[in-house]
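Quick notes on the structure that follows.
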Amino acid sequence: MINDNSSTITELKELCHLQGKVHIRGLENVANFDEAKEANLISKCGIDQLWLEWGNNGDGNGTSAILEALQPYTGLRHLIIDGYGGLSFPTWMRAESIIWYDMLTILKLYQCNKWKFLPPFGNLASLKELYICNMHGVQYLREEFYGYNGQDDNNGFRKLEILGLQNMHGLKEWWGAEEGEFPRLRQLSIQNCPGLTKLPPLLPTVKQVEMMLCHMLTSLPSLPLLLD
C-alpha cells in the first residue's frame, strides 16, 4: 500500500516478488507517465488483487497517462479502479487488449466520472462479478459494452453471475443486449439511477433482482419466474 507522503510509487520497482493483494492510493500525487511506469506493475505476476485509488485531486491533466502506465499483469484476478479522473479508459482496456485478461473474475469501477462509455467488458472471458458505481458520465450501455466483434459465437459476459449498477446519475438507457448475452447472470442490482428509462429483457437465469431509486423507469421488461 502506497498512501503517505514518505512513500512513492517508484519504490514498487524493486519489489519483484509482491504477492496477493496490493492497494495503491494517493495516485493523484504521481507526477507523470514515467514515474508511474517505474512501478512496472505489468511484470508483477504474483499480484492477483489490485486496487488503484485516486483522491479528490485525481483529475489533473496527466491522470490518463498514469492509468495507462499502471497496466497490470494479465494474470490479475481482481481489479478495482477508484476515483480515476481521466477522460477515457486506457488502451489496455480496448477490445484488442482486454481479451488477454482472461483470468480476471472480479472488476469494480468507482467514481470514474468523466468516462462517457464503458470498455468492452463483455470480452473478459472469466469475469463473474462486475460493479459499476458513481460513474455519472455514462449515459448508455450498448454494443461496445458487450464487446461485439461480429462473430455469432462470441456472446458477451459469458461467465458473469453478478452485475451491480449504483449511483449512475447520467445513465438513461441500457440496450443492445442480444439473445445469448449474460447466459449465467443470476443477480442484478440497480440502485439510484434516477434517469434510467430502459432495460433489456432479463434472462431466465436471473434469480435475484434489486431495483431502488430508479424513478424514470416506469415499466420493466419481462421478468423471469423467480423461484424460492
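By convention in this document, the chains of the C-alpha cells carry letters A, B, ... by their order, each chain's residues are numbered from 1, and ligands are numbered from 1 in the order they are shown.
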DSSP on the backbone: what in range 68-195 of chain A comes out strand (DSSP E or B), as a VMD selection string? chain A and resid 78 to 82 106 to 110 129 to 133 140 to 141 162 to 166 173 to 174 187 to 191
DSSP says alpha helix (DSSP H) for which residues of chain A? Put them as number ranges by chain? A: 33-37, 63-69, 95-98, 143-146
Let me make sure I understand: among A:Asn56, A:Asn192, A:Ser64, A:Gln187, which one has the smallest atom-to-atom distance to Gln208 in chain A if we use only C-alpha atoms? A:Gln187
When you count only C-alpha atoms, which of these residues is closest to His169 in chain A: A:Cys214, A:Leu18, A:Ala125, A:Met93? A:Cys214
Pick out the residues sitting within 8 Å of Met135 in chain A, and hand them over as a list in words; count only C-alpha atoms, and ignore anything fewer than 5 positions along from it in its own chain. Tyr110, Gln111, Cys112, Asn113, Lys114, Trp115, Asn167, Met168, His169 and Gly170 of chain A
Any chance you can output those residues with all heavy atoms as a CSV table (one decimal), in the first residue's frame?
```csv
chain,number,residue,atom,x,y,z
A,110,TYR,N,-15.2,2.6,-9.5
A,110,TYR,CA,-15.9,3.6,-8.6
A,110,TYR,C,-15.4,5.0,-9.1
A,110,TYR,O,-14.2,5.3,-9.2
A,110,TYR,CB,-15.5,3.4,-7.2
A,110,TYR,CG,-15.8,2.1,-6.6
A,110,TYR,CD1,-14.8,1.4,-5.9
A,110,TYR,CD2,-17.1,1.6,-6.7
A,110,TYR,CE1,-15.1,0.1,-5.3
A,110,TYR,CE2,-17.4,0.3,-6.1
A,110,TYR,CZ,-16.4,-0.4,-5.4
A,110,TYR,OH,-16.7,-1.6,-4.9
A,111,GLN,N,-16.4,5.9,-9.3
A,111,GLN,CA,-16.1,7.3,-9.4
A,111,GLN,C,-15.1,7.7,-10.6
A,111,GLN,O,-14.3,8.5,-10.4
A,111,GLN,CB,-15.5,7.9,-8.1
A,111,GLN,CG,-16.5,7.7,-6.9
A,111,GLN,CD,-16.0,8.4,-5.7
A,111,GLN,OE1,-16.2,9.6,-5.4
A,111,GLN,NE2,-15.3,7.6,-4.9
A,112,CYS,N,-15.3,7.0,-11.7
A,112,CYS,CA,-14.6,7.4,-12.9
A,112,CYS,C,-15.5,8.3,-13.7
A,112,CYS,O,-16.1,7.9,-14.7
A,112,CYS,CB,-14.2,6.1,-13.7
A,112,CYS,SG,-13.2,5.0,-12.8
A,113,ASN,N,-15.7,9.5,-13.2
A,113,ASN,CA,-16.9,10.3,-13.6
A,113,ASN,C,-16.8,10.9,-15.0
A,113,ASN,O,-17.8,11.3,-15.5
A,113,ASN,CB,-17.0,11.5,-12.6
A,113,ASN,CG,-17.6,11.0,-11.2
A,113,ASN,OD1,-18.4,10.1,-11.2
A,113,ASN,ND2,-17.1,11.6,-10.2
A,114,LYS,N,-15.6,10.9,-15.6
A,114,LYS,CA,-15.5,11.5,-16.9
A,114,LYS,C,-15.7,10.6,-18.0
A,114,LYS,O,-15.7,11.0,-19.2
A,114,LYS,CB,-14.2,12.3,-17.0
A,114,LYS,CG,-14.1,13.5,-16.0
A,114,LYS,CD,-12.8,14.3,-16.2
A,114,LYS,CE,-12.8,15.4,-15.2
A,114,LYS,NZ,-11.5,16.2,-15.4
A,115,TRP,N,-15.8,9.3,-17.8
A,115,TRP,CA,-16.0,8.3,-18.8
A,115,TRP,C,-17.4,8.5,-19.4
A,115,TRP,O,-18.4,8.6,-18.7
A,115,TRP,CB,-15.8,6.9,-18.3
A,115,TRP,CG,-14.4,6.5,-18.0
A,115,TRP,CD1,-13.3,7.3,-18.0
A,115,TRP,CD2,-13.9,5.2,-17.8
A,115,TRP,NE1,-12.2,6.6,-17.7
A,115,TRP,CE2,-12.5,5.3,-17.5
A,115,TRP,CE3,-14.5,4.0,-17.7
A,115,TRP,CZ2,-11.8,4.2,-17.2
A,115,TRP,CZ3,-13.8,2.8,-17.3
A,115,TRP,CH2,-12.4,3.0,-17.1
A,167,ASN,N,-25.7,4.4,-8.3
A,167,ASN,CA,-25.4,5.9,-8.3
A,167,ASN,C,-24.9,6.3,-9.7
A,167,ASN,O,-23.9,7.0,-9.8
A,167,ASN,CB,-24.4,6.3,-7.2
A,167,ASN,CG,-24.9,6.0,-5.8
A,167,ASN,OD1,-26.1,6.0,-5.6
A,167,ASN,ND2,-24.0,5.7,-4.9
A,168,MET,N,-25.6,5.8,-10.7
A,168,MET,CA,-25.3,6.2,-12.1
A,168,MET,C,-26.2,7.3,-12.5
A,168,MET,O,-27.2,7.0,-13.2
A,168,MET,CB,-25.4,5.0,-13.0
A,168,MET,CG,-24.5,3.8,-12.6
A,168,MET,SD,-22.8,4.0,-13.1
A,168,MET,CE,-22.9,3.6,-14.8
A,169,HIS,N,-26.0,8.5,-12.1
A,169,HIS,CA,-27.0,9.6,-12.3
A,169,HIS,C,-27.2,10.0,-13.7
A,169,HIS,O,-28.3,10.5,-14.1
A,169,HIS,CB,-26.6,10.8,-11.5
A,169,HIS,CG,-26.6,10.5,-10.0
A,169,HIS,ND1,-26.1,11.4,-9.1
A,169,HIS,CD2,-27.1,9.5,-9.3
A,169,HIS,CE1,-26.3,10.9,-7.8
A,169,HIS,NE2,-26.9,9.8,-7.9
A,170,GLY,N,-26.2,9.7,-14.6
A,170,GLY,CA,-26.4,10.1,-16.0
A,170,GLY,C,-26.9,9.0,-16.9
A,170,GLY,O,-27.3,9.2,-18.0
```
If you count only C-alpha atoms, which residues fall within 12 Å of Cys45 in chain A, apart from same-chain ones fewer than 4 positions away, as a list in words?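 These residues fall inside the cut-off: Leu15, Cys16, His17, Leu18, Gln19, Gly20, Lys21, Val22, Asn40, Leu41, Gln49, Leu50, Gln71, Pro72, Tyr73, Thr74, Gly75, Leu76 and Arg77 of chain A.
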Just give me the gap between CA of Leu163 in chain A and CA of Pro90 in chain A in Å, one decimal is fine. 22.2 Å
When you count only C-alpha atoms, which of these residues is closest to Leu70 in chain A: A:Leu118, A:Ile9, A:Ile162, A:Leu107?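 Going through A:Leu118, A:Ile9, A:Ile162, A:Leu107 one by one, the smallest distance to Leu70 in chain A is for A:Ile9.
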